[in-house]
Every structure is written in C-alpha cells, then in structure tokens.
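Trainee: Next up is a structure, given as structure tokens.
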Amino acid sequence: MDALELLEQQHREVDRLFARVEGARKSEQGAIFELIAEALRKHSFLEEEIFYPGVRRAQTEDLVGDALEDHETIERLLQDIEETGVVHQSFFTKLTALREYVQDHVKDEEQELFPRVRELLSEDELRTMGSDMQASSEEWEEEDHAETEQVEPQPQTSQEPQLDDPRG
C-alpha cells in the first residue's frame, strides 16, 4: 500500500469513528472518543514524522505548512474535549467542531496536497514511504499496548510474596 492510500484509509477510519460516537450510548461515548483521539494522534505522528518531510518540496511547502497548522488546532481541540470530558453538556458541540475541522483538513489534503504529491513522487517512492509509515504505525500500537500492560496489575504481583516459614 502506498503512503497516500494508507493516509486515505486512516481518514475513512476516523470518519467512521466520528459516526460511531455520535450514535453511541452515553456509556460508550468516552471509549469511542478515546479511539478517535488515538487515531488522530497516530495519523498526525505518521504525517509529521514520515510523510510531510518526504514530500516537502517547493511545490508542496505551502500545503504542508497549512497541514501542520491544522494538526496543532486539532490537538488543541482534542485536549479541550479531554479536559471537559464526555459527560459535559458541551461534549457534542466540541465534538462537532472537531469533526468539521478534521473533515476540512482531510478535504484539503485529498483534493490539493495528495494529487500534487502523486505528481511529484514515483510509485516506488510512495510505496516505500507507505511501508515506512505502516512499520511506524505498528510500532506506535505496540508501544501504546506495552504502556497499557505496565499499568495493569499482573496476577502474580497482586499477592504478597511467600516467605519461607522460619518455624520450619
């Protein structure tokens, strides 16, 4: 899969998550919002660390700059929702603002930046970049999973250690 296909796939997944959270029960909204936040942060990471540096050329400089500014705004919106919480009455208002901002960002990328990148880079370059992004995505997920495992108590550590009975 090339880099543009991977990014477009991630765009569709985030859109599906937004639709899910809007139709979810209150008890499920927090967990789905966490999936949205994680997906957006991973997507931004891949774009900022691999994609944008790989496509930053004279013909894309302005579009990449705009996209980076969008990422900063998206992160601020995510933080605002996280600070307020999903139970607050403004949750859906803020979520709608985030979704609209993300949709505008996606539209700009898919209609302006991606076609320009497809003209500038060869299929081999896009496939190589896509492979690098996929590998980084998998590492991101493993690191996140590892952090979660460290926080959860392990069955063998939840009990007091057995000491030898000194009596005998």
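Naming works like this for the structure tokens: A, B, ... for the chains as they're shown, residue 1 at the start of each chain, ligands 1 onward in shown order.
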Skipping near chain neighbours, those fewer than 3 positions away, what residues fall within 7 Å of segment 47-59 of chain A using only C-alpha atoms, listed as a PyMOL selection string?

Mentor: chain A and resi 43-44+64+117+133

Trainee: Filtering to C-alpha atoms, could you give me those residues as a PDB file, in the first residue's frame?

Mentor:
```
ATOM      1  CA  HIS A  43      -2.191   9.823  11.978  1.00  0.00           C
ATOM      2  CA  SER A  44      -0.612  13.196  12.800  1.00  0.00           C
ATOM      3  CA  VAL A  64       2.445  21.152   4.213  1.00  0.00           C
ATOM      4  CA  VAL A 117       2.383  14.552  -4.209  1.00  0.00           C
ATOM      5  CA  MET A 133       4.555   4.503   7.697  1.00  0.00           C
TER       6      MET A 133
END
```

Trainee: Residues within 6 Å of Asp2 of chain A, please, as a tab-separated table (two decimals) with N, CA and C atoms, in the first residue's frame. Count only C-alpha atoms; anything in the same chain fewer than 5 positions from it doesn't count.

Mentor:
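Resulting contents of selection21.tsv:
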```
chain	number	residue	atom	x	y	z
A	126	LEU	N	6.35	6.28	-3.22
A	126	LEU	CA	5.12	6.26	-2.41
A	126	LEU	C	4.95	4.92	-1.70
A	127	ARG	N	5.31	3.83	-2.37
A	127	ARG	CA	5.21	2.50	-1.73
A	127	ARG	C	6.22	2.37	-0.59
A	130	GLY	N	4.99	4.37	2.21
A	130	GLY	CA	3.85	3.66	2.80
A	130	GLY	C	4.32	2.53	3.70
```

Trainee: Which residues are close to Arg16 of chain A, i.e. within 12 Å by only C-alpha atoms, leaving aside same-chain residues fewer than 5 positions away? Reply as a list in words.

Mentor: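 These residues fall inside the cut-off: Gln9, Gln10, His11, Val21, Glu22, Gly23, Ile32, Phe33, Leu35, Ile36, Ala39, Arg99 and Gln103 of chain A.
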
Trainee: For the residues in the current selection, export N, CA and C atoms as a PDB file, in the first residue's frame.

Mentor:
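Ended up saving to out16.pdb:
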```
ATOM      1  N   GLN A   9      -6.972   5.717   3.949  1.00  0.00           N
ATOM      2  CA  GLN A   9      -7.599   4.670   4.759  1.00  0.00           C
ATOM      3  C   GLN A   9      -7.789   5.163   6.202  1.00  0.00           C
ATOM      4  N   GLN A  10      -6.788   5.827   6.736  1.00  0.00           N
ATOM      5  CA  GLN A  10      -6.897   6.375   8.088  1.00  0.00           C
ATOM      6  C   GLN A  10      -7.959   7.469   8.155  1.00  0.00           C
ATOM      7  N   HIS A  11      -8.059   8.284   7.116  1.00  0.00           N
ATOM      8  CA  HIS A  11      -9.108   9.315   7.070  1.00  0.00           C
ATOM      9  C   HIS A  11     -10.492   8.670   7.163  1.00  0.00           C
ATOM     10  N   VAL A  21     -19.423   7.467  17.458  1.00  0.00           N
ATOM     11  CA  VAL A  21     -19.573   8.165  18.735  1.00  0.00           C
ATOM     12  C   VAL A  21     -20.869   8.964  18.755  1.00  0.00           C
ATOM     13  N   GLU A  22     -21.258   9.496  17.617  1.00  0.00           N
ATOM     14  CA  GLU A  22     -22.485  10.284  17.563  1.00  0.00           C
ATOM     15  C   GLU A  22     -23.728   9.424  17.775  1.00  0.00           C
ATOM     16  N   GLY A  23     -23.665   8.166  17.387  1.00  0.00           N
ATOM     17  CA  GLY A  23     -24.809   7.278  17.546  1.00  0.00           C
ATOM     18  C   GLY A  23     -24.729   6.381  18.771  1.00  0.00           C
ATOM     19  N   ILE A  32     -15.193   5.466  22.720  1.00  0.00           N
ATOM     20  CA  ILE A  32     -15.089   5.739  21.276  1.00  0.00           C
ATOM     21  C   ILE A  32     -14.322   7.034  21.043  1.00  0.00           C
ATOM     22  N   PHE A  33     -14.555   8.044  21.883  1.00  0.00           N
ATOM     23  CA  PHE A  33     -13.783   9.280  21.737  1.00  0.00           C
ATOM     24  C   PHE A  33     -12.296   8.998  21.934  1.00  0.00           C
ATOM     25  N   LEU A  35     -10.744   6.346  21.112  1.00  0.00           N
ATOM     26  CA  LEU A  35     -10.280   5.760  19.848  1.00  0.00           C
ATOM     27  C   LEU A  35     -10.055   6.844  18.795  1.00  0.00           C
ATOM     28  N   ILE A  36     -10.951   7.835  18.769  1.00  0.00           N
ATOM     29  CA  ILE A  36     -10.794   8.953  17.828  1.00  0.00           C
ATOM     30  C   ILE A  36      -9.504   9.703  18.135  1.00  0.00           C
ATOM     31  N   ALA A  39      -6.480   7.644  17.149  1.00  0.00           N
ATOM     32  CA  ALA A  39      -6.338   7.553  15.694  1.00  0.00           C
ATOM     33  C   ALA A  39      -5.823   8.864  15.110  1.00  0.00           C
ATOM     34  N   ARG A  99     -14.905  17.426  14.478  1.00  0.00           N
ATOM     35  CA  ARG A  99     -15.194  16.645  13.273  1.00  0.00           C
ATOM     36  C   ARG A  99     -15.163  17.534  12.033  1.00  0.00           C
ATOM     37  N   GLN A 103     -12.641  17.177   8.953  1.00  0.00           N
ATOM     38  CA  GLN A 103     -13.153  16.992   7.590  1.00  0.00           C
ATOM     39  C   GLN A 103     -12.571  18.030   6.629  1.00  0.00           C
TER      40      GLN A 103
END
```

Trainee: For a quick check of understanding, using only C-alpha atoms, which of A:Ala37, A:Leu78, A:Met1, A:Leu95 has the smallest distance to Val14 of chain A?

Mentor: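 Smallest separation from Val14 of chain A among the options: A:Ala37.
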
Trainee: Using only C-alpha atoms, find the one residue out of A:Asp70, A:Ser27, A:Leu98, A:Ala135 that sits nearest to Val86 of chain A.

Mentor: A:Ser27

Trainee: Quick one: DSSP helix (DSSP H, G or I) residues in chain A, as a PyMOL selection string?

Mentor: chain A and resi 3-23+26-55+61-84+91-120+123-151+155-157

Trainee: Kindly give the distance, in Å, that separates atom CA of Val102 of chain A and atom CA of Ile74 of chain A, rounded to a single decimal.

Mentor: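 Here the two named atoms are 7.1 Å from each other.
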